[in-house]
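Below is one structure, written out as structure tokens; comments come after it.
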Amino acid sequence: MQRATARVIEPAINQLGQLLQRLQMHTAVEQPCPRPSPVEDAAEEERSLDAEDLRVLHLAAPFKLHRLEHGPDTLVVLKLEQAKRYYRQLLALRRLEAAAAQLYKERQVRGFCHLYTGQEACAVGLCAALREQDNLIGGYRIHGYAYLMGVSAVGVLAELTGKCSGCARGKGGSMHMYAPHFYGGNGIVGAQVPLGAGIALASKYRNEDAVCFALYGDGAANQGQIFECFNMAQLWQLPLVFVCENNHYGMGTSIWRSTSNTSNYKRGDELPGIWVDGQDVLAVRSAAQFAIDHARRHGPLVLELCTYRYAGHSMSDPGTNYRKREEVQRVRRSQDAVERFGTLCQQQALLSKSEMLAIEQEVRDEVQQATKVAIGDAELPLYHLWSDVYASSLLNKIRGISEHNLRHDVT
Ligand SMILES: Cc1ncc(C[n+]2csc(CCOP(=O)(O)OP(=O)(O)O)c2C)c(N)n1
Ligand SMILES: [Mg+2]
């Protein structure tokens, strides 16, 4: 439903974005984009747009560019409908993770649980830019992306508790959630990036005009396989966007201890790169729109989303051995993505306090209901352990265990 609405509205917004881009001044390579100078026409545009519940806004932080002469729009459009949708999504992601943490503490969740809290603007901004045919693949911190790509709150939470209504029917858990155009959910650090290159190669081969976003963290960014993908994607001009969500910490260590070049947007060698304020939904959306356009026309590029995670690496990590509690509190106070976007919407008179409270209540109800289902729902019967192993059931048998004579079903 959310994606269908986006399909109608985004082309109009894109057109407007292109118009506004023409009004922008551009910068030299390696320089941050300047804010656009006030132009008479833009002011006129702004006046007429305001009348239709649109705002034309300057992004708070400039982009940084690598091997690009022109960057994403720094003058962006926010419609009333989008303001509501993004605010709702930001809140939903935060609430879902709070519910996941609670379920984990109550021992309803077995296995891993990696929370995305703090990074919500990255997921909401990226998914706002995706077109119907575009694909996305990520690592293990994936609950929020699953939700935005079409998995319901029940689908996410019941997957965590291992129940039938989970999006993988409880067989996948925290790291293995899937939906159409959403390829998960991967537990092996960095392994999703070559898979993403494969997805981009397949859609190029089939002329689908689809771009693939392959996500990875600042810790994964040091892996060899990512550099191999940079090379192949550039050679084959794949429609692939490498997205490094730099939350500044890996598992038990910081980027400053683990990485010699901490400017991830510059690490693609010949690939263009863009540094983005990952706490700003509109900056992420603008960068992702630019990236889609670039990847379709010229091939791969790197987006580095500068962000922060509040929780530890996983539920078993308190997250305070390798960073100070005060640092987390400072980011929460000054950079929180939900707060920032909510304040912006209020300042721009797009959302009133009471409307925001109503959205909060709606989200709270949705997650509360989903939590109940996630606890009360049944587990799959045992024989489903060997159903759906393959997408299609070739011989109705599972390869390699013929002595057990197990029939394979696709359900
Ligand atoms: C190949 C591989 N090596 C190591 C691990 C263990 N491990 C899990 S997460 C992680 C750190 C990844 O950090 P980052 O990429 O910054 O992602 P974040 O947790 O910050 O989202 C490590 C080393 C793993 N799962 N797979
Ligand atoms: Mg990290």
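By convention in this document, the chains of the structure tokens carry letters A, B, ... by their order, each chain's residues are numbered from 1, and ligands are numbered from 1 in the order they are shown.
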>> Give me, as a PyMOL selection string, the set of residues whose atoms come within 10 Å of any atom of ligand 2, counting only C-alpha atoms and all ligand atoms.
In response: chain A and resi 141+216-221+244-255+307-309+313
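Within stretch 49-177 of chain A, the backbone-based DSSP assignment of strand (DSSP E) covers A:Leu54, A:Arg55, A:Val56, A:Leu57, A:His58, A:Lys64, A:Leu65, A:His66, A:Leu75, A:Val76, A:Val77, A:Leu78, A:Lys79, A:Asn135, A:Leu136, A:Ile137.
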> Using only C-alpha atoms, which residue out of A:Arg88, A:Arg296, A:Val154, A:Arg267 lies closest to A:Asn207?
Replying inline: A:Arg296
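Neighbours of stretch 273-275 of chain A closer than or equal to 8 Å, with only C-alpha atoms counted and sequence neighbours fewer than 3 positions away skipped, come out as Phe63, Lys64, Leu65, His66, Arg67, Leu68, Gly71, Tyr265, Lys266, Gly268, Ala287, Leu301, Val302, Leu303, Glu304, Leu305 and Cys306 of chain A.
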> Tell me, which residues of stretch 182-230 of chain A carry DSSP alpha helix (DSSP H), written as JSON, numbers by chain?
Replying inline: {"A": [192, 193, 194, 195, 196, 197, 198, 199, 200, 201, 202, 203, 204, 205, 224, 225, 226, 227, 228, 229, 230]}
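For the set A:Tyr86, A:Tyr205, A:Trp256, A:Phe341, the residue with the smallest atom-to-atom gap to ligand 1 is A:Trp256, counting only C-alpha atoms and all ligand atoms.
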> With only C-alpha atoms as the basis for distance, which of A:Arg55, A:Tyr310, A:Leu380, A:Ser354 is at the shortest distance from A:Val331?
Replying inline: A:Tyr310
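Pairwise distance (atom CA of A:Phe112, atom CA of A:Val328) equals 22.5 Å.
Distances to ligand 1 were evaluated for A:Pro62, A:Gly111, A:Gly125, A:Gly138 using only C-alpha atoms and all ligand atoms, and the minimum falls at A:Gly138.
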>> Calculated over only C-alpha atoms and all ligand atoms, which of the candidates A:Pro180, A:Gly224, A:Pro239, A:Gly190 has the smallest distance to ligand 1?
In response: A:Gly190
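For the residues A:Gln108, A:Ser314, A:Thr161, A:Ser352, ranking by smallest atom-to-atom distance to ligand 1 using only C-alpha atoms and all ligand atoms places A:Ser314 first.
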> Expressed in Å to a single decimal, how great is the separation between atom CA of A:Val109 and atom CA of A:Asn135?
Replying inline: 28.3 Å
>> Need the shell around A:Asn222: protein/DNA/RNA residues with any atom at most 9 Å away, counting only C-alpha atoms. Skip same-chain ones fewer than 5 positions apart. Format as a PyMOL selection string?
In response: chain A and resi 227+258-259
